[in-house]
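**Q** Quick one: structure below, then a few questions.
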Protein chains: 2
Amino acid sequence: MNSSASTKERILASAEALFAQRGFEGASLRQLTAAAGVNLAAVNYHFGSKDKLVEEVFKRRLDQLNARRLAALKQVMGQSETSLEDVLAAFIRPALDLSHDGGGGLFMRVLARAFAEHDDSLRRFLSDNYGHVMRQFTGEFARLLPHLSKEELYWRIDLVTGALTHAMSGFGIIQRKSDVSETVHREQTAAHLIRFSAAGLSAP
Amino acid sequence: MNSSASTKERILASAEALFAQRGFEGASLRQLTAAAGVNLAAVNYHFGSKDKLVEEVFKRRLDQLNARRLAALKQVMGQSETSLEDVLAAFIRPALDLSHDGGGGLFMRVLARAFAEHDDSLRRFLSDNYGHVMRQFTGEFARLLPHLSKEELYWRIDLVTGALTHAMSGFGIIQRKSDVSETVHREQTAAHLIRFSAAGLSAP
DNA sequence: TGTAGTCTCAAACGATCGTTTGATTTCCTG
DNA sequence: CAGGAAATCAAACGATCGTTTGAGACTACA
């Protein structure tokens with residue numbers, strides 16, 4: 001592992017990768033610290049407990065994702081006129097990007113796992129960290145789709161989120177072909193998601 | 001627990017519930033057998049191992065789901081003319097129904113979890129058990145959406161699956177209101193999914 | 001009723017888990 | 001350079017895991 005990074009950072013990086021690969025319960029602190037090249041006790045020393053480490057892994061990436069989404073939305077809103085596709089792109093692209101760069105390419109699998117884990121404390125955690133971002137996007141969607149009732153709009157945004165999560169988790173039947181670069185594949189994924197979601201949101 | 005059922009059945013029922021609630025690794029055989037009111041050793045006696053039990057839980061429900069989807073599709077195909085919404089309903093409704101009846105109401109959470117677990121053996125297992133059903137539906141979608149390329153179609157079906165899985169897992173922002181019966185809520189979910197998916201699939 | 005086969009049971013196995021401890025090393029500061 | 005805080009280390013803790021064992025209870029057929 002990158003021995004120039006701090007112990008804390010090496011733990012976070014290894015944790016992200018191993019949680020994505022084996023799940024939160026499946027990845028043990030012994031595997032994790034061995035991969036990071038640090039002592040077993042370092043996790044409890046630096047983070048307090050395994051649960052706190054899980055939270056930290058989440059927080060680090062969600063903060064990134066929120067910032068990028070809001071920045072993208074802000075840029076879109078600065079244009080003279082905004083299309084549904086533009087807002088969707090601001091919602092979707094940062095998420096796909098996050099699953100590629102920053103060395104934390106596996107985070108989205110972690111998130112998809114977390115969605116499935118389905119416990120209420122996580123739900124609250126995500127709501128606290130996602131809430132204001134989702135509200136901003138929801139407001140824009142409502143403005144662009146005035147014919148939709150509030151309930152109808154919530155439903156459709158939820159389904160867009162489902163499609164996005166599924167695509168990001170990489171479990172679907174669509175696999176990146178070996179002759180397509182990661183960047184190109186990501187661009188194709190974004191294009192398909194945006195076109196599909198725009199049509200779904202605009203349904204009569 | 002239902003003490004009239006056989007030990008095997010009681011284990012399967014408790015396993016399904018506990019796997020959905022705590023995950024495959026989070027649910028221990030001791031919790032599981034205690035909830036079922038059977039001896040700890042009964043799992044290994046009747047199923048061989050915990051992994052085999054997991055497989056059995058899957059197989060039982062997936063067989064049900066496949067049968068219901070194919071039956072629904074067959075009935076739709078018997079009509080004089082079939083609409084995209086009809087085929088989508090045959091795809092979506094059995095999945096939502098399965099998450100409600102048969103005492104295995106939590107199976108879809110198990111499935112959503114399994115999607116996130118993301119390992120290749122499961123992928124192969126699902127492909128073996130789902131493959132022929134998906135091929136039939138894909139064929140019908142291709143017939144109803146002749147303007148789509150094969151790749152485009154695969155992508156969109158994948159996104160429909162994502163939206164469906166997300167809705168079924170019940171994690172989204174949409175929660176059933178206490179004044180709405182489970183049956184009504186399921187019907188609303190199906191209606192939203194079908195309308196959204198039909199529009200998404202039909203996108204230009 | 002006797003017996004073979006099926007099932008259930010309490011108990012224990014070794015392995016691995018997250019966490020804690022206390023000594024030791026490393027690092028920074030005065 | 002001395003000294004105290006911060007970090008790392010090997011080792012052990014109790015708990016829990018999936019699995020196995022061997023004895024006992026039950027069932028069905030002769």
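The chains in the structure tokens are called A, B, ... from first to last as shown; in each chain the residues are counted from 1, and the ligands are counted from 1 in the order shown.
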Just the helix (DSSP H, G or I) stuff from chain A, please, per backbone DSSP, written as a PDB file with C-alpha atoms, in the first residue's frame.
**A**
ATOM      1  CA  THR A   7      -1.945   5.575   8.698  1.00  0.00           C
ATOM      2  CA  LYS A   8      -5.437   7.009   8.866  1.00  0.00           C
ATOM      3  CA  GLU A   9      -5.610   7.527   5.130  1.00  0.00           C
ATOM      4  CA  ARG A  10      -4.260   4.095   4.379  1.00  0.00           C
ATOM      5  CA  ILE A  11      -6.886   2.559   6.624  1.00  0.00           C
ATOM      6  CA  LEU A  12      -9.640   4.538   4.927  1.00  0.00           C
ATOM      7  CA  ALA A  13      -8.478   3.528   1.473  1.00  0.00           C
ATOM      8  CA  SER A  14      -8.197  -0.142   2.323  1.00  0.00           C
ATOM      9  CA  ALA A  15     -11.491  -0.060   4.189  1.00  0.00           C
ATOM     10  CA  GLU A  16     -13.295   1.394   1.214  1.00  0.00           C
ATOM     11  CA  ALA A  17     -11.926  -1.269  -1.096  1.00  0.00           C
ATOM     12  CA  LEU A  18     -12.542  -4.166   1.251  1.00  0.00           C
ATOM     13  CA  PHE A  19     -16.018  -3.058   2.304  1.00  0.00           C
ATOM     14  CA  ALA A  20     -16.946  -2.836  -1.356  1.00  0.00           C
ATOM     15  CA  GLN A  21     -15.534  -6.264  -2.019  1.00  0.00           C
ATOM     16  CA  ARG A  22     -16.705  -8.201   1.002  1.00  0.00           C
ATOM     17  CA  LEU A  29     -10.253  -5.547  10.698  1.00  0.00           C
ATOM     18  CA  ARG A  30      -7.426  -8.032  10.395  1.00  0.00           C
ATOM     19  CA  GLN A  31      -7.775  -8.302   6.614  1.00  0.00           C
ATOM     20  CA  LEU A  32      -8.215  -4.570   6.424  1.00  0.00           C
ATOM     21  CA  THR A  33      -5.190  -3.591   8.469  1.00  0.00           C
ATOM     22  CA  ALA A  34      -3.047  -6.203   6.760  1.00  0.00           C
ATOM     23  CA  ALA A  35      -3.945  -4.761   3.355  1.00  0.00           C
ATOM     24  CA  ALA A  36      -3.200  -1.274   4.614  1.00  0.00           C
ATOM     25  CA  ALA A  42      -4.618   1.270  14.683  1.00  0.00           C
ATOM     26  CA  VAL A  43      -8.276   1.187  13.690  1.00  0.00           C
ATOM     27  CA  ASN A  44      -9.531   1.455  17.232  1.00  0.00           C
ATOM     28  CA  TYR A  45      -6.866   3.984  18.054  1.00  0.00           C
ATOM     29  CA  HIS A  46      -7.655   6.327  15.168  1.00  0.00           C
ATOM     30  CA  PHE A  47     -11.365   5.752  14.713  1.00  0.00           C
ATOM     31  CA  LYS A  50     -15.183  -0.452  13.379  1.00  0.00           C
ATOM     32  CA  ASP A  51     -18.602   1.205  13.179  1.00  0.00           C
ATOM     33  CA  LYS A  52     -17.054   4.630  13.375  1.00  0.00           C
ATOM     34  CA  LEU A  53     -14.690   3.648  10.592  1.00  0.00           C
ATOM     35  CA  VAL A  54     -17.650   2.657   8.427  1.00  0.00           C
ATOM     36  CA  GLU A  55     -19.236   6.033   9.094  1.00  0.00           C
ATOM     37  CA  GLU A  56     -16.031   7.807   8.201  1.00  0.00           C
ATOM     38  CA  VAL A  57     -15.726   5.942   4.907  1.00  0.00           C
ATOM     39  CA  PHE A  58     -19.229   7.062   4.073  1.00  0.00           C
ATOM     40  CA  LYS A  59     -18.873  10.604   5.193  1.00  0.00           C
ATOM     41  CA  ARG A  60     -15.720  11.217   3.229  1.00  0.00           C
ATOM     42  CA  ARG A  61     -17.250  10.209  -0.102  1.00  0.00           C
ATOM     43  CA  LEU A  62     -20.709  11.592   0.483  1.00  0.00           C
ATOM     44  CA  ASP A  63     -19.265  15.003   1.223  1.00  0.00           C
ATOM     45  CA  GLN A  64     -17.413  14.809  -2.082  1.00  0.00           C
ATOM     46  CA  LEU A  65     -20.524  13.707  -3.929  1.00  0.00           C
ATOM     47  CA  ASN A  66     -22.693  16.411  -2.394  1.00  0.00           C
ATOM     48  CA  ALA A  67     -20.193  19.125  -3.193  1.00  0.00           C
ATOM     49  CA  ARG A  68     -19.831  18.022  -6.793  1.00  0.00           C
ATOM     50  CA  ARG A  69     -23.541  17.700  -7.331  1.00  0.00           C
ATOM     51  CA  LEU A  70     -24.253  21.137  -5.920  1.00  0.00           C
ATOM     52  CA  ALA A  71     -21.442  22.672  -7.938  1.00  0.00           C
ATOM     53  CA  ALA A  72     -22.748  21.061 -11.101  1.00  0.00           C
ATOM     54  CA  LEU A  73     -26.289  22.196 -10.349  1.00  0.00           C
ATOM     55  CA  LYS A  74     -25.130  25.729  -9.641  1.00  0.00           C
ATOM     56  CA  GLN A  75     -23.353  25.873 -12.964  1.00  0.00           C
ATOM     57  CA  VAL A  76     -26.425  24.609 -14.776  1.00  0.00           C
ATOM     58  CA  MET A  77     -28.615  27.169 -13.053  1.00  0.00           C
ATOM     59  CA  LEU A  84     -34.307  18.658 -17.780  1.00  0.00           C
ATOM     60  CA  GLU A  85     -31.336  16.840 -19.222  1.00  0.00           C
ATOM     61  CA  ASP A  86     -28.950  19.401 -17.783  1.00  0.00           C
ATOM     62  CA  VAL A  87     -30.312  19.023 -14.264  1.00  0.00           C
ATOM     63  CA  LEU A  88     -30.273  15.263 -14.595  1.00  0.00           C
ATOM     64  CA  ALA A  89     -26.675  15.410 -15.732  1.00  0.00           C
ATOM     65  CA  ALA A  90     -25.786  17.449 -12.659  1.00  0.00           C
ATOM     66  CA  PHE A  91     -27.424  14.763 -10.569  1.00  0.00           C
ATOM     67  CA  ILE A  92     -26.034  11.715 -12.359  1.00  0.00           C
ATOM     68  CA  ARG A  93     -22.559  12.587 -13.595  1.00  0.00           C
ATOM     69  CA  PRO A  94     -20.918  13.380 -10.252  1.00  0.00           C
ATOM     70  CA  ALA A  95     -22.152  10.054  -8.931  1.00  0.00           C
ATOM     71  CA  LEU A  96     -20.688   8.144 -11.848  1.00  0.00           C
ATOM     72  CA  ASP A  97     -17.483  10.132 -11.665  1.00  0.00           C
ATOM     73  CA  LEU A  98     -17.076   9.328  -8.025  1.00  0.00           C
ATOM     74  CA  PHE A 107     -17.314   3.455  -3.076  1.00  0.00           C
ATOM     75  CA  MET A 108     -20.477   3.175  -5.086  1.00  0.00           C
ATOM     76  CA  ARG A 109     -20.572  -0.515  -4.469  1.00  0.00           C
ATOM     77  CA  VAL A 110     -20.310   0.277  -0.824  1.00  0.00           C
ATOM     78  CA  LEU A 111     -23.222   2.647  -1.174  1.00  0.00           C
ATOM     79  CA  ALA A 112     -25.293   0.133  -3.097  1.00  0.00           C
ATOM     80  CA  ARG A 113     -24.578  -2.362  -0.364  1.00  0.00           C
ATOM     81  CA  ALA A 114     -25.570   0.161   2.245  1.00  0.00           C
ATOM     82  CA  PHE A 115     -28.860   0.774   0.463  1.00  0.00           C
ATOM     83  CA  ALA A 116     -29.567  -2.910   0.711  1.00  0.00           C
ATOM     84  CA  GLU A 117     -28.515  -3.121   4.335  1.00  0.00           C
ATOM     85  CA  ASP A 120     -32.762   2.933  10.036  1.00  0.00           C
ATOM     86  CA  SER A 121     -29.666   4.510  11.490  1.00  0.00           C
ATOM     87  CA  LEU A 122     -28.090   4.486   8.053  1.00  0.00           C
ATOM     88  CA  ARG A 123     -31.272   5.899   6.616  1.00  0.00           C
ATOM     89  CA  ARG A 124     -31.103   8.769   9.048  1.00  0.00           C
ATOM     90  CA  PHE A 125     -27.428   9.274   8.342  1.00  0.00           C
ATOM     91  CA  LEU A 126     -28.036   9.463   4.610  1.00  0.00           C
ATOM     92  CA  SER A 127     -31.017  11.719   5.107  1.00  0.00           C
ATOM     93  CA  ASP A 128     -28.903  14.112   7.171  1.00  0.00           C
ATOM     94  CA  ASN A 129     -26.110  14.138   4.629  1.00  0.00           C
ATOM     95  CA  TYR A 130     -28.209  13.991   1.489  1.00  0.00           C
ATOM     96  CA  GLY A 131     -31.343  15.844   2.486  1.00  0.00           C
ATOM     97  CA  HIS A 132     -30.522  19.393   1.511  1.00  0.00           C
ATOM     98  CA  VAL A 133     -28.981  18.313  -1.784  1.00  0.00           C
ATOM     99  CA  MET A 134     -31.999  16.237  -2.697  1.00  0.00           C
ATOM    100  CA  ARG A 135     -34.286  19.115  -1.816  1.00  0.00           C
ATOM    101  CA  GLN A 136     -32.472  21.430  -4.193  1.00  0.00           C
ATOM    102  CA  PHE A 137     -32.668  18.975  -7.047  1.00  0.00           C
ATOM    103  CA  THR A 138     -36.280  18.188  -6.284  1.00  0.00           C
ATOM    104  CA  GLY A 139     -37.077  21.899  -6.443  1.00  0.00           C
ATOM    105  CA  GLU A 140     -35.527  22.188  -9.880  1.00  0.00           C
ATOM    106  CA  PHE A 141     -37.290  19.096 -11.155  1.00  0.00           C
ATOM    107  CA  ALA A 142     -40.569  20.489  -9.848  1.00  0.00           C
ATOM    108  CA  ARG A 143     -39.980  23.722 -11.733  1.00  0.00           C
ATOM    109  CA  LEU A 144     -39.203  21.877 -14.961  1.00  0.00           C
ATOM    110  CA  LYS A 150     -45.746  16.357  -5.543  1.00  0.00           C
ATOM    111  CA  GLU A 151     -46.311  12.681  -4.888  1.00  0.00           C
ATOM    112  CA  GLU A 152     -45.852  11.762  -8.520  1.00  0.00           C
ATOM    113  CA  LEU A 153     -42.602  13.717  -8.650  1.00  0.00           C
ATOM    114  CA  TYR A 154     -41.204  12.079  -5.525  1.00  0.00           C
ATOM    115  CA  TRP A 155     -41.960   8.683  -6.924  1.00  0.00           C
ATOM    116  CA  ARG A 156     -40.216   9.363 -10.192  1.00  0.00           C
ATOM    117  CA  ILE A 157     -37.126  10.850  -8.597  1.00  0.00           C
ATOM    118  CA  ASP A 158     -36.987   7.783  -6.415  1.00  0.00           C
ATOM    119  CA  LEU A 159     -37.085   5.551  -9.472  1.00  0.00           C
ATOM    120  CA  VAL A 160     -34.335   7.577 -11.135  1.00  0.00           C
ATOM    121  CA  THR A 161     -32.257   7.077  -8.016  1.00  0.00           C
ATOM    122  CA  GLY A 162     -32.900   3.348  -8.219  1.00  0.00           C
ATOM    123  CA  ALA A 163     -31.811   3.158 -11.833  1.00  0.00           C
ATOM    124  CA  LEU A 164     -28.717   5.216 -11.042  1.00  0.00           C
ATOM    125  CA  THR A 165     -27.767   3.116  -8.044  1.00  0.00           C
ATOM    126  CA  HIS A 166     -28.229  -0.068  -9.999  1.00  0.00           C
ATOM    127  CA  ALA A 167     -26.113   1.175 -12.878  1.00  0.00           C
ATOM    128  CA  MET A 168     -23.406   2.380 -10.523  1.00  0.00           C
ATOM    129  CA  SER A 169     -23.245  -0.828  -8.582  1.00  0.00           C
ATOM    130  CA  GLU A 182     -13.441   3.242 -18.499  1.00  0.00           C
ATOM    131  CA  THR A 183     -13.960   6.874 -19.389  1.00  0.00           C
ATOM    132  CA  VAL A 184     -15.921   6.092 -22.527  1.00  0.00           C
ATOM    133  CA  HIS A 185     -18.002   3.488 -20.735  1.00  0.00           C
ATOM    134  CA  ARG A 186     -18.843   5.995 -18.041  1.00  0.00           C
ATOM    135  CA  GLU A 187     -19.875   8.522 -20.641  1.00  0.00           C
ATOM    136  CA  GLN A 188     -22.117   5.964 -22.319  1.00  0.00           C
ATOM    137  CA  THR A 189     -23.637   5.042 -18.991  1.00  0.00           C
ATOM    138  CA  ALA A 190     -24.368   8.686 -18.226  1.00  0.00           C
ATOM    139  CA  ALA A 191     -25.920   9.220 -21.639  1.00  0.00           C
ATOM    140  CA  HIS A 192     -28.201   6.193 -21.291  1.00  0.00           C
ATOM    141  CA  LEU A 193     -29.204   7.136 -17.769  1.00  0.00           C
ATOM    142  CA  ILE A 194     -29.996  10.718 -18.704  1.00  0.00           C
ATOM    143  CA  ARG A 195     -32.039   9.822 -21.762  1.00  0.00           C
ATOM    144  CA  PHE A 196     -33.947   7.105 -19.940  1.00  0.00           C
ATOM    145  CA  SER A 197     -34.565   9.218 -16.854  1.00  0.00           C
ATOM    146  CA  ALA A 198     -35.614  12.311 -18.776  1.00  0.00           C
ATOM    147  CA  ALA A 199     -38.227  10.285 -20.612  1.00  0.00           C
ATOM    148  CA  GLY A 200     -39.392   8.590 -17.423  1.00  0.00           C
ATOM    149  CA  LEU A 201     -39.697  11.867 -15.550  1.00  0.00           C
TER     150      LEU A 201
END
**Q** Could you do a least-squares fit of chain B on chain A over every C-alpha atom, in sequence order, and give the output as a compact mmCIF listing (two decimals) with C-alpha atoms, in the first residue's frame?
**A**
# COMPACT_ATOMS: atom_id res chain seq x y z
CA MET B 1 0.02 -0.01 -0.12
CA ASN B 2 1.01 3.60 -0.43
CA SER B 3 3.39 3.86 2.47
CA SER B 4 3.79 7.60 2.10
CA ALA B 5 0.20 8.24 3.15
CA SER B 6 -0.69 8.51 6.80
CA THR B 7 -1.89 5.51 8.73
CA LYS B 8 -5.37 6.98 8.91
CA GLU B 9 -5.54 7.52 5.18
CA ARG B 10 -4.21 4.09 4.39
CA ILE B 11 -6.85 2.55 6.63
CA LEU B 12 -9.59 4.55 4.95
CA ALA B 13 -8.44 3.56 1.50
CA SER B 14 -8.18 -0.12 2.31
CA ALA B 15 -11.46 -0.03 4.18
CA GLU B 16 -13.27 1.44 1.22
CA ALA B 17 -11.91 -1.22 -1.10
CA LEU B 18 -12.53 -4.13 1.23
CA PHE B 19 -15.99 -3.01 2.30
CA ALA B 20 -16.95 -2.78 -1.35
CA GLN B 21 -15.54 -6.20 -2.05
CA ARG B 22 -16.72 -8.15 0.96
CA GLY B 23 -19.27 -5.99 2.73
CA PHE B 24 -19.15 -4.36 6.11
CA GLU B 25 -19.46 -7.52 8.09
CA GLY B 26 -17.53 -9.65 5.66
CA ALA B 27 -14.41 -7.51 5.76
CA SER B 28 -12.53 -8.06 9.00
CA LEU B 29 -10.23 -5.58 10.66
CA ARG B 30 -7.42 -8.08 10.33
CA GLN B 31 -7.78 -8.32 6.55
CA LEU B 32 -8.19 -4.59 6.39
CA THR B 33 -5.17 -3.63 8.44
CA ALA B 34 -3.04 -6.24 6.69
CA ALA B 35 -3.95 -4.77 3.30
CA ALA B 36 -3.18 -1.30 4.58
CA GLY B 37 0.10 -2.41 6.08
CA VAL B 38 -0.75 -1.10 9.53
CA ASN B 39 -1.19 -2.66 12.92
CA LEU B 40 -4.51 -4.19 13.89
CA ALA B 41 -4.94 -1.89 16.86
CA ALA B 42 -4.55 1.20 14.68
CA VAL B 43 -8.22 1.14 13.68
CA ASN B 44 -9.47 1.38 17.24
CA TYR B 45 -6.80 3.92 18.08
CA HIS B 46 -7.57 6.28 15.21
CA PHE B 47 -11.30 5.71 14.74
CA GLY B 48 -12.54 4.33 18.03
CA SER B 49 -14.34 1.32 16.59
CA LYS B 50 -15.13 -0.47 13.38
CA ASP B 51 -18.54 1.20 13.19
CA LYS B 52 -16.98 4.62 13.40
CA LEU B 53 -14.63 3.65 10.61
CA VAL B 54 -17.60 2.68 8.45
CA GLU B 55 -19.19 6.05 9.14
CA GLU B 56 -15.98 7.83 8.23
CA VAL B 57 -15.69 5.97 4.93
CA PHE B 58 -19.21 7.08 4.10
CA LYS B 59 -18.86 10.62 5.22
CA ARG B 60 -15.72 11.24 3.24
CA ARG B 61 -17.25 10.23 -0.07
CA LEU B 62 -20.73 11.60 0.49
CA ASP B 63 -19.28 15.02 1.24
CA GLN B 64 -17.45 14.83 -2.06
CA LEU B 65 -20.55 13.71 -3.92
CA ASN B 66 -22.73 16.42 -2.38
CA ALA B 67 -20.22 19.13 -3.18
CA ARG B 68 -19.86 18.03 -6.78
CA ARG B 69 -23.58 17.70 -7.33
CA LEU B 70 -24.28 21.14 -5.91
CA ALA B 71 -21.48 22.68 -7.94
CA ALA B 72 -22.78 21.05 -11.10
CA LEU B 73 -26.32 22.20 -10.36
CA LYS B 74 -25.15 25.74 -9.64
CA GLN B 75 -23.38 25.88 -12.96
CA VAL B 76 -26.46 24.62 -14.77
CA MET B 77 -28.65 27.18 -13.06
CA GLY B 78 -26.32 29.92 -14.20
CA GLN B 79 -27.24 29.27 -17.81
CA SER B 80 -29.83 31.35 -19.58
CA GLU B 81 -32.18 28.42 -19.76
CA THR B 82 -31.97 25.02 -18.17
CA SER B 83 -33.18 21.76 -19.62
CA LEU B 84 -34.32 18.66 -17.79
CA GLU B 85 -31.34 16.82 -19.22
CA ASP B 86 -28.95 19.40 -17.78
CA VAL B 87 -30.33 19.02 -14.27
CA LEU B 88 -30.29 15.25 -14.61
CA ALA B 89 -26.68 15.41 -15.74
CA ALA B 90 -25.81 17.44 -12.66
CA PHE B 91 -27.44 14.75 -10.57
CA ILE B 92 -26.05 11.70 -12.35
CA ARG B 93 -22.58 12.58 -13.61
CA PRO B 94 -20.94 13.37 -10.24
CA ALA B 95 -22.17 10.05 -8.91
CA LEU B 96 -20.71 8.14 -11.83
CA ASP B 97 -17.49 10.13 -11.65
CA LEU B 98 -17.09 9.33 -8.00
CA SER B 99 -17.15 5.65 -8.82
CA HIS B 100 -14.13 6.18 -11.01
CA ASP B 101 -11.60 8.63 -9.63
CA GLY B 102 -10.05 9.69 -6.37
CA GLY B 103 -8.77 6.21 -5.70
CA GLY B 104 -12.13 5.40 -4.18
CA GLY B 105 -13.53 3.75 -7.22
CA LEU B 106 -15.38 1.14 -5.26
CA PHE B 107 -17.33 3.48 -3.06
CA MET B 108 -20.49 3.22 -5.06
CA ARG B 109 -20.60 -0.48 -4.47
CA VAL B 110 -20.31 0.31 -0.81
CA LEU B 111 -23.22 2.70 -1.15
CA ALA B 112 -25.30 0.18 -3.08
CA ARG B 113 -24.59 -2.31 -0.36
CA ALA B 114 -25.57 0.20 2.26
CA PHE B 115 -28.87 0.80 0.49
CA ALA B 116 -29.57 -2.88 0.75
CA GLU B 117 -28.54 -3.06 4.38
CA HIS B 118 -31.58 -1.00 4.96
CA ASP B 119 -31.29 -0.11 8.60
CA ASP B 120 -32.83 2.99 10.06
CA SER B 121 -29.71 4.56 11.49
CA LEU B 122 -28.15 4.52 8.05
CA ARG B 123 -31.34 5.92 6.60
CA ARG B 124 -31.16 8.80 9.03
CA PHE B 125 -27.48 9.30 8.33
CA LEU B 126 -28.08 9.49 4.59
CA SER B 127 -31.07 11.76 5.09
CA ASP B 128 -28.96 14.13 7.15
CA ASN B 129 -26.16 14.15 4.61
CA TYR B 130 -28.25 14.01 1.47
CA GLY B 131 -31.37 15.87 2.46
CA HIS B 132 -30.54 19.40 1.49
CA VAL B 133 -29.03 18.32 -1.80
CA MET B 134 -32.03 16.24 -2.72
CA ARG B 135 -34.32 19.13 -1.83
CA GLN B 136 -32.51 21.43 -4.21
CA PHE B 137 -32.70 18.98 -7.07
CA THR B 138 -36.32 18.20 -6.31
CA GLY B 139 -37.11 21.89 -6.46
CA GLU B 140 -35.55 22.18 -9.90
CA PHE B 141 -37.32 19.11 -11.19
CA ALA B 142 -40.61 20.49 -9.88
CA ARG B 143 -40.01 23.72 -11.76
CA LEU B 144 -39.21 21.88 -15.00
CA LEU B 145 -42.12 19.44 -14.62
CA PRO B 146 -44.97 21.61 -13.38
CA HIS B 147 -47.66 19.18 -14.51
CA LEU B 148 -46.57 16.57 -11.94
CA SER B 149 -48.12 16.35 -8.51
CA LYS B 150 -45.76 16.35 -5.58
CA GLU B 151 -46.34 12.67 -4.94
CA GLU B 152 -45.87 11.76 -8.56
CA LEU B 153 -42.63 13.72 -8.68
CA TYR B 154 -41.24 12.08 -5.56
CA TRP B 155 -42.00 8.68 -6.96
CA ARG B 156 -40.25 9.36 -10.23
CA ILE B 157 -37.16 10.84 -8.62
CA ASP B 158 -37.01 7.79 -6.43
CA LEU B 159 -37.10 5.55 -9.49
CA VAL B 160 -34.36 7.58 -11.15
CA THR B 161 -32.28 7.07 -8.01
CA GLY B 162 -32.93 3.36 -8.23
CA ALA B 163 -31.82 3.15 -11.83
CA LEU B 164 -28.74 5.21 -11.03
CA THR B 165 -27.79 3.12 -8.03
CA HIS B 166 -28.25 -0.07 -9.98
CA ALA B 167 -26.12 1.17 -12.86
CA MET B 168 -23.43 2.38 -10.49
CA SER B 169 -23.27 -0.83 -8.56
CA GLY B 170 -22.27 -2.47 -11.80
CA PHE B 171 -24.34 -5.52 -11.18
CA GLY B 172 -26.57 -5.25 -14.21
CA ILE B 173 -26.28 -7.27 -17.35
CA ILE B 174 -24.33 -4.47 -18.98
CA GLN B 175 -20.64 -5.03 -18.48
CA ARG B 176 -17.92 -2.81 -19.78
CA LYS B 177 -16.37 -4.35 -22.86
CA SER B 178 -12.63 -4.73 -22.74
CA ASP B 179 -12.15 -2.59 -25.84
CA VAL B 180 -13.96 0.34 -24.28
CA SER B 181 -12.05 2.56 -21.89
CA GLU B 182 -13.43 3.22 -18.46
CA THR B 183 -13.94 6.87 -19.35
CA VAL B 184 -15.89 6.08 -22.50
CA HIS B 185 -17.98 3.49 -20.70
CA ARG B 186 -18.83 5.97 -18.00
CA GLU B 187 -19.85 8.51 -20.61
CA GLN B 188 -22.11 5.95 -22.29
CA THR B 189 -23.64 5.04 -18.96
CA ALA B 190 -24.36 8.67 -18.21
CA ALA B 191 -25.91 9.20 -21.63
CA HIS B 192 -28.19 6.19 -21.28
CA LEU B 193 -29.20 7.13 -17.77
CA ILE B 194 -29.99 10.71 -18.70
CA ARG B 195 -32.02 9.81 -21.76
CA PHE B 196 -33.95 7.10 -19.94
CA SER B 197 -34.57 9.22 -16.86
CA ALA B 198 -35.61 12.29 -18.79
CA ALA B 199 -38.22 10.27 -20.63
CA GLY B 200 -39.39 8.58 -17.44
CA LEU B 201 -39.70 11.87 -15.58
CA SER B 202 -41.56 13.46 -18.47
CA ALA B 203 -44.10 10.68 -18.79
CA PRO B 204 -47.64 12.08 -19.20
**Q** At a cut-off of 10 Å, which residues of chain D touch chain A? Count only C-alpha atoms (C1' of nucleotides) and give the answer as a tab-separated table (two decimals) with C-alpha atoms (C1' of nucleotides), in the first residue's frame.
**A**
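To be explicit, this is the file written out as iface_20.tsv:
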chain	number	residue	atom	x	y	z
D	7	DA	C1'	1.65	6.61	17.53
D	8	DT	C1'	2.69	1.78	16.85
D	9	DC	C1'	3.30	-2.77	18.29
D	10	DA	C1'	2.64	-7.89	19.81
**Q** Taking only C-alpha atoms (C1' of nucleotides) into account, find every residue of chain C that has an atom no more than 10 Å from chain A, and write it out as a PDB file with C-alpha atoms (C1' of nucleotides), in the first residue's frame.
**A**
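What ended up in selection-v7.pdb:
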ATOM      1  C1'  DT C  16     -12.216 -15.821  13.862  1.00  0.00           C
ATOM      2  C1'  DC C  17     -14.260 -11.716  15.307  1.00  0.00           C
ATOM      3  C1'  DG C  18     -13.824  -6.586  17.515  1.00  0.00           C
ATOM      4  C1'  DT C  19     -11.617  -4.705  21.205  1.00  0.00           C
ATOM      5  C1'  DT C  20      -8.291  -3.739  25.005  1.00  0.00           C
TER       6       DT C  20
END
**Q** What lies within 12 Å of DT27 of chain D using only C-alpha atoms (C1' of nucleotides), ignoring chain neighbours under 2 positions off, as a ChimeraX atom specification?
**A** /C:3-7 /D:25,29
**Q** How many Å lie between atom C1' of DT1 of chain C and atom C1' of DG24 of chain D, rounded to one decimal?
**A**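 These two atoms are separated by 19.9 Å.
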**Q** Just the residues within 12 Å of DG14 of chain C, please, counting only C-alpha atoms (C1' of nucleotides), with nothing from its chain fewer than 5 positions along; format it as a list in words.
**A**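 Near DG14 of chain C, the qualifying residues are DC17, DG18, DT19 and DT20 of chain D.
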**Q** Could you please determine the separation between atom C1' of DT21 of chain C and atom C1' of DA5 of chain D in Å, to one decimal place?
**A**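 Going from atom C1' of DT21 of chain C over to atom C1' of DA5 of chain D, I get 18.6 Å.
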**Q** Which value, in Å to one decimal, gives the distance between atom C1' of DC28 of chain C and atom C1' of DA6 of chain D?
**A**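 Interatomic distance, atom C1' of DC28 of chain C to atom C1' of DA6 of chain D: 9.2 Å.
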